[in-house]
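Chemist: PDB, C-alpha atoms, pLDDT in the B column, file entry_28.pdb:
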```pdb
ATOM      1  CA  MET H  20     -15.634  20.750  -0.479  1.00 46.00           C
ATOM      2  CA  SER H  21     -18.101  17.914  -0.019  1.00 48.00           C
ATOM      3  CA  PRO H  22     -17.377  14.647  -1.824  1.00 49.00           C
ATOM      4  CA  LYS H  23     -19.232  14.104  -5.075  1.00 53.00           C
ATOM      5  CA  LYS H  24     -20.817  10.917  -6.268  1.00 54.00           C
ATOM      6  CA  VAL H  25     -18.910   9.193  -9.043  1.00 53.00           C
ATOM      7  CA  ALA H  26     -20.625   8.067 -12.186  1.00 66.00           C
ATOM      8  CA  LEU H  27     -19.242   4.540 -12.123  1.00 85.00           C
ATOM      9  CA  SER H  28     -21.753   1.823 -12.849  1.00 89.00           C
ATOM     10  CA  LYS H  29     -22.568  -0.829 -10.264  1.00 92.00           C
ATOM     11  CA  SER H  30     -20.672  -3.406 -12.322  1.00 93.00           C
ATOM     12  CA  LYS H  31     -17.541  -1.215 -12.410  1.00 94.00           C
ATOM     13  CA  LEU H  32     -17.777  -0.567  -8.668  1.00 95.00           C
ATOM     14  CA  LYS H  33     -18.145  -4.319  -8.123  1.00 96.00           C
ATOM     15  CA  PHE H  34     -15.083  -4.863 -10.335  1.00 96.00           C
ATOM     16  CA  PHE H  35     -13.010  -2.383  -8.296  1.00 97.00           C
ATOM     17  CA  LYS H  36     -14.250  -3.765  -4.993  1.00 97.00           C
ATOM     18  CA  LYS H  37     -13.185  -7.283  -6.016  1.00 97.00           C
ATOM     19  CA  LEU H  38      -9.819  -5.978  -7.233  1.00 96.00           C
ATOM     20  CA  LEU H  39      -9.233  -4.096  -3.979  1.00 98.00           C
ATOM     21  CA  GLU H  40     -10.306  -7.033  -1.817  1.00 98.00           C
ATOM     22  CA  GLU H  41      -7.878  -9.312  -3.667  1.00 97.00           C
ATOM     23  CA  GLU H  42      -5.111  -6.724  -3.231  1.00 97.00           C
ATOM     24  CA  ARG H  43      -5.936  -6.423   0.485  1.00 98.00           C
ATOM     25  CA  GLU H  44      -5.595 -10.187   0.974  1.00 98.00           C
ATOM     26  CA  LYS H  45      -2.305 -10.259  -0.951  1.00 97.00           C
ATOM     27  CA  LEU H  46      -0.918  -7.382   1.129  1.00 97.00           C
ATOM     28  CA  LYS H  47      -2.046  -8.965   4.407  1.00 97.00           C
ATOM     29  CA  LYS H  48      -0.248 -12.168   3.436  1.00 96.00           C
ATOM     30  CA  GLU H  49       2.928 -10.232   2.522  1.00 95.00           C
ATOM     31  CA  LEU H  50       2.757  -8.307   5.791  1.00 94.00           C
ATOM     32  CA  LYS H  51       2.401 -11.498   7.804  1.00 93.00           C
ATOM     33  CA  GLU H  52       5.430 -13.028   6.060  1.00 91.00           C
ATOM     34  CA  ILE H  53       7.527  -9.905   6.715  1.00 89.00           C
ATOM     35  CA  GLU H  54       6.457  -9.792  10.361  1.00 88.00           C
ATOM     36  CA  ILE H  55       7.349 -13.468  10.833  1.00 88.00           C
ATOM     37  CA  GLY H  56      10.794 -12.809   9.350  1.00 83.00           C
ATOM     38  CA  LEU H  57      11.342  -9.778  11.577  1.00 80.00           C
ATOM     39  CA  MET H  58      10.227 -11.740  14.620  1.00 80.00           C
ATOM     40  CA  ARG H  59      12.688 -14.541  13.830  1.00 75.00           C
ATOM     41  CA  VAL H  60      15.531 -12.040  13.533  1.00 66.00           C
ATOM     42  CA  ALA H  61      14.569 -10.381  16.817  1.00 61.00           C
ATOM     43  CA  GLN H  62      14.414 -13.750  18.574  1.00 59.00           C
ATOM     44  CA  SER H  63      17.792 -14.771  17.152  1.00 58.00           C
ATOM     45  CA  GLU H  64      19.357 -11.522  18.305  1.00 58.00           C
ATOM     46  CA  ALA H  65      17.816 -11.844  21.764  1.00 52.00           C
ATOM     47  CA  ALA H  66      19.223 -15.357  22.039  1.00 52.00           C
ATOM     48  CA  GLY H  67      22.665 -14.085  21.063  1.00 55.00           C
ATOM     49  CA  GLU H  68      22.737 -16.102  17.851  1.00 52.00           C
ATOM     50  CA  ASN H  69      23.809 -13.078  15.813  1.00 51.00           C
ATOM     51  CA  ALA H  70      27.021 -12.203  17.598  1.00 51.00           C
ATOM     52  CA  TYR H  71      29.245 -10.899  14.795  1.00 50.00           C
ATOM     53  CA  GLU H  72      32.488 -10.630  16.723  1.00 54.00           C
ATOM     54  CA  ASP H  73      34.447 -12.189  13.856  1.00 53.00           C
ATOM     55  CA  SER H  74      33.076 -10.195  10.960  1.00 63.00           C
ATOM     56  CA  TYR H  75      31.858  -6.614  10.668  1.00 60.00           C
ATOM     57  CA  ALA H  76      30.673  -7.456   7.154  1.00 61.00           C
ATOM     58  CA  ASP H  77      28.237 -10.042   8.536  1.00 61.00           C
ATOM     59  CA  SER H  78      26.957  -7.483  11.026  1.00 64.00           C
ATOM     60  CA  GLY H  79      26.525  -4.903   8.264  1.00 67.00           C
ATOM     61  CA  THR H  80      24.671  -7.374   6.078  1.00 69.00           C
ATOM     62  CA  ALA H  81      22.311  -8.279   8.911  1.00 67.00           C
ATOM     63  CA  THR H  82      21.661  -4.600   9.635  1.00 73.00           C
ATOM     64  CA  PHE H  83      20.992  -3.889   5.957  1.00 77.00           C
ATOM     65  CA  GLU H  84      18.573  -6.811   5.689  1.00 78.00           C
ATOM     66  CA  ARG H  85      16.724  -5.759   8.846  1.00 78.00           C
ATOM     67  CA  GLU H  86      16.392  -2.173   7.570  1.00 86.00           C
ATOM     68  CA  ARG H  87      15.217  -3.462   4.194  1.00 87.00           C
ATOM     69  CA  ASP H  88      12.559  -5.620   5.849  1.00 83.00           C
ATOM     70  CA  LEU H  89      11.387  -2.713   8.031  1.00 89.00           C
ATOM     71  CA  SER H  90      11.120  -0.518   4.945  1.00 92.00           C
ATOM     72  CA  LEU H  91       9.147  -3.214   3.110  1.00 93.00           C
ATOM     73  CA  GLU H  92       6.859  -3.526   6.114  1.00 94.00           C
ATOM     74  CA  ARG H  93       6.167   0.242   6.111  1.00 95.00           C
ATOM     75  CA  ASN H  94       5.456   0.190   2.366  1.00 96.00           C
ATOM     76  CA  VAL H  95       3.070  -2.757   2.639  1.00 96.00           C
ATOM     77  CA  ARG H  96       1.270  -1.135   5.589  1.00 96.00           C
ATOM     78  CA  ASP H  97       0.924   2.099   3.592  1.00 97.00           C
ATOM     79  CA  LEU H  98      -0.529   0.272   0.578  1.00 97.00           C
ATOM     80  CA  LEU H  99      -2.851  -1.723   2.815  1.00 97.00           C
ATOM     81  CA  SER H 100      -4.104   1.507   4.368  1.00 97.00           C
ATOM     82  CA  ARG H 101      -4.733   2.990   0.902  1.00 97.00           C
ATOM     83  CA  VAL H 102      -6.640  -0.131  -0.133  1.00 98.00           C
ATOM     84  CA  GLU H 103      -8.777   0.027   3.037  1.00 98.00           C
ATOM     85  CA  ILE H 104      -9.537   3.713   2.390  1.00 97.00           C
ATOM     86  CA  ALA H 105     -10.557   2.926  -1.202  1.00 97.00           C
ATOM     87  CA  LEU H 106     -12.851   0.104  -0.045  1.00 98.00           C
ATOM     88  CA  ASN H 107     -14.377   2.461   2.507  1.00 97.00           C
ATOM     89  CA  LYS H 108     -14.974   5.016  -0.254  1.00 96.00           C
ATOM     90  CA  ILE H 109     -16.801   2.385  -2.299  1.00 96.00           C
ATOM     91  CA  GLU H 110     -19.079   1.724   0.676  1.00 95.00           C
ATOM     92  CA  LYS H 111     -19.687   5.454   1.210  1.00 94.00           C
ATOM     93  CA  GLY H 112     -20.332   6.073  -2.477  1.00 92.00           C
ATOM     94  CA  ASN H 113     -17.444   8.473  -3.120  1.00 93.00           C
ATOM     95  CA  PHE H 114     -14.950   6.113  -4.728  1.00 95.00           C
ATOM     96  CA  GLY H 115     -13.175   7.523  -7.785  1.00 95.00           C
ATOM     97  CA  ILE H 116     -13.296  11.158  -6.662  1.00 95.00           C
ATOM     98  CA  CYS H 117     -10.030  13.106  -6.415  1.00 95.00           C
ATOM     99  CA  SER H 118      -9.395  14.000  -2.785  1.00 94.00           C
ATOM    100  CA  HIS H 119      -7.788  17.292  -3.841  1.00 94.00           C
ATOM    101  CA  CYS H 120      -9.950  18.824  -6.590  1.00 95.00           C
ATOM    102  CA  GLY H 121     -13.151  16.761  -6.294  1.00 94.00           C
ATOM    103  CA  ARG H 122     -13.208  15.706  -9.950  1.00 94.00           C
ATOM    104  CA  GLU H 123     -13.567  12.139 -11.132  1.00 94.00           C
ATOM    105  CA  ILE H 124     -10.426  10.030 -11.301  1.00 95.00           C
ATOM    106  CA  GLY H 125     -10.179   8.514 -14.775  1.00 93.00           C
ATOM    107  CA  PHE H 126     -11.196   4.893 -15.241  1.00 92.00           C
ATOM    108  CA  GLN H 127      -7.811   3.926 -16.714  1.00 94.00           C
ATOM    109  CA  ARG H 128      -6.009   5.422 -13.706  1.00 95.00           C
ATOM    110  CA  LEU H 129      -8.293   3.542 -11.318  1.00 96.00           C
ATOM    111  CA  GLU H 130      -7.788   0.377 -13.316  1.00 93.00           C
ATOM    112  CA  ALA H 131      -4.010   0.744 -12.932  1.00 94.00           C
ATOM    113  CA  LEU H 132      -4.150   1.938  -9.288  1.00 95.00           C
ATOM    114  CA  PRO H 133      -7.565   1.192  -7.809  1.00 95.00           C
ATOM    115  CA  TYR H 134      -6.508   2.853  -4.542  1.00 96.00           C
ATOM    116  CA  ALA H 135      -5.542   6.128  -6.276  1.00 96.00           C
ATOM    117  CA  ASP H 136      -6.960   9.104  -4.419  1.00 95.00           C
ATOM    118  CA  LEU H 137      -5.800  11.828  -6.826  1.00 96.00           C
ATOM    119  CA  CYS H 138      -6.716  12.438 -10.440  1.00 95.00           C
ATOM    120  CA  ILE H 139      -3.799  12.418 -12.858  1.00 94.00           C
ATOM    121  CA  GLU H 140      -3.624  16.241 -13.001  1.00 95.00           C
ATOM    122  CA  CYS H 141      -3.416  16.613  -9.211  1.00 96.00           C
ATOM    123  CA  LYS H 142      -0.897  13.765  -8.989  1.00 95.00           C
ATOM    124  CA  LYS H 143       1.321  15.523 -11.547  1.00 94.00           C
ATOM    125  CA  LYS H 144       1.121  18.751  -9.530  1.00 93.00           C
ATOM    126  CA  GLU H 145       1.986  16.876  -6.340  1.00 93.00           C
ATOM    127  CA  GLU H 146       5.026  15.254  -7.946  1.00 92.00           C
ATOM    128  CA  LYS H 147       6.290  18.609  -9.262  1.00 90.00           C
ATOM    129  CA  LEU H 148       6.272  19.943  -5.696  1.00 85.00           C
ATOM    130  CA  ARG H 149       8.569  17.168  -4.502  1.00 79.00           C
TER
END
```
Any chance you could put this one into C-alpha cells?
Modeler:
Amino acid sequence: MSPKKVALSKSKLKFFKKLLEEEREKLKKELKEIEIGLMRVAQSEAAGENAYEDSYADSGTATFERERDLSLERNVRDLLSRVEIALNKIEKGNFGICSHCGREIGFQRLEALPYADLCIECKKKEEKLR
C-alpha cells in the first residue's frame, strides 16, 4: 500500500513540526544526561571505586540503578527515533497516515502523541494482541 497524503493544513503541519522539533531537543538533552551518568559509573567501576566488599546491598543498589539508567536510555532512544521518523514523514508529505491501514490518524491523537504512527483503531488492535 502506497502512503497517502494527509489533509492537514500547512499551519497544522507547521505546528506539529515545531512540536516534534522541541521534543527532539528535549530528548537529546535527556539522552546526553543519561549517557554522562552512565559514563561516570563506568569510570568509577573501572577505577575500582565501587568495590562493595562490605555490603551486598550497596552492590545490589548500584546494579539496580545502572539497569534503570540503561532502560531509560533505551526508552529515550526509542522515542527519539519515533520523533525523527515523524519529522521525516512531514518532509515527505505522509505525516498523519497510519502505517498499518493507511487511514488518517486523528488530529487529537496526533496532538497527544505527534509521533504516533498508528490510528487509534490499529493501536487498539495491536494492544489486544499483546
Chemist: Return the single residue from H:Glu110, H:Lys147, H:Ser118, H:Leu137 that is closest to H:Lys33, with distances computed using all atoms listed in the file.
Modeler: H:Glu110
Chemist: One decimal, in Å: what's the spacing between atom CA of H:Arg101 and atom CA of H:Arg43?
Modeler: 9.5 Å
Chemist: What is the atom CA of H:Leu106-atom CA of H:Leu132 distance in Å, reported with one decimal?
Modeler: 12.8 Å
Chemist: So that I can check the surroundings of H:Leu98, please list as a list of chain:residue names every protein, DNA and RNA residue that reaches within 9 Å of it, counting all atoms listed in the file and ignoring chain neighbours fewer than 3 positions away.
Modeler: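 Answer for this query is H:Arg43, H:Leu46, H:Arg93, H:Asn94, H:Val95, H:Arg101, H:Val102, H:Glu103, H:Tyr134.
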Chemist: Hey, can you check how far atom CA of H:Asn113 sits from atom CA of H:Leu91?
Modeler: 29.7 Å
Chemist: Could you tell me which residues the PyMOL selection byres ((chain H and resi 141) around 12) grabs in this file, written as a tab-separated table (two decimals) with C-alpha atoms, in the coordinates of the input?
Modeler:
```tsv
chain	number	residue	atom	x	y	z
H	116	ILE	CA	-13.30	11.16	-6.66
H	117	CYS	CA	-10.03	13.11	-6.42
H	118	SER	CA	-9.40	14.00	-2.78
H	119	HIS	CA	-7.79	17.29	-3.84
H	120	CYS	CA	-9.95	18.82	-6.59
H	121	GLY	CA	-13.15	16.76	-6.29
H	122	ARG	CA	-13.21	15.71	-9.95
H	123	GLU	CA	-13.57	12.14	-11.13
H	124	ILE	CA	-10.43	10.03	-11.30
H	125	GLY	CA	-10.18	8.51	-14.78
H	135	ALA	CA	-5.54	6.13	-6.28
H	136	ASP	CA	-6.96	9.10	-4.42
H	137	LEU	CA	-5.80	11.83	-6.83
H	138	CYS	CA	-6.72	12.44	-10.44
H	139	ILE	CA	-3.80	12.42	-12.86
H	140	GLU	CA	-3.62	16.24	-13.00
H	142	LYS	CA	-0.90	13.76	-8.99
H	143	LYS	CA	1.32	15.52	-11.55
H	144	LYS	CA	1.12	18.75	-9.53
H	145	GLU	CA	1.99	16.88	-6.34
H	146	GLU	CA	5.03	15.25	-7.95
H	147	LYS	CA	6.29	18.61	-9.26
H	148	LEU	CA	6.27	19.94	-5.70
```
Chemist: Of the residues H:Arg59, H:Arg128, H:Lys31, H:Lys47, which is the one nearest to H:Ser100, using all atoms listed in the file?
Modeler: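 Ranked by minimum distance to H:Ser100, first place goes to H:Lys47.
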Chemist: Please give the centre and size of the box around stretch 36-50 of chain H (axis-aligned, containing every atom listed in the file, 8 Å added per side), with values in Å to one decimal and written as JSON.
Modeler:
```
{"center_x": -5.7, "center_y": -8.0, "center_z": -0.7, "size_x": 33.2, "size_y": 24.4, "size_z": 29.0}
```
Chemist: Pick from H:Leu32, H:Leu129, H:Leu27, H:Leu39: nearest to H:Leu99, with all atoms listed in the file counted?
Modeler: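 Residue with the minimum atom-to-atom distance to H:Leu99: H:Leu39.
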Chemist: So which one's closest to H:Arg96, H:Phe126, H:Phe83, H:Glu41, H:Leu50? Using all atoms listed in the file, please.
Modeler: H:Leu50
Chemist: Please evaluate the PyMOL selection byres ((chain H and resi 88) around 12) against the displayed coordinates and give the resulting residues as a PyMOL selection string.
Modeler: chain H and resi 49-60+81-87+89-95
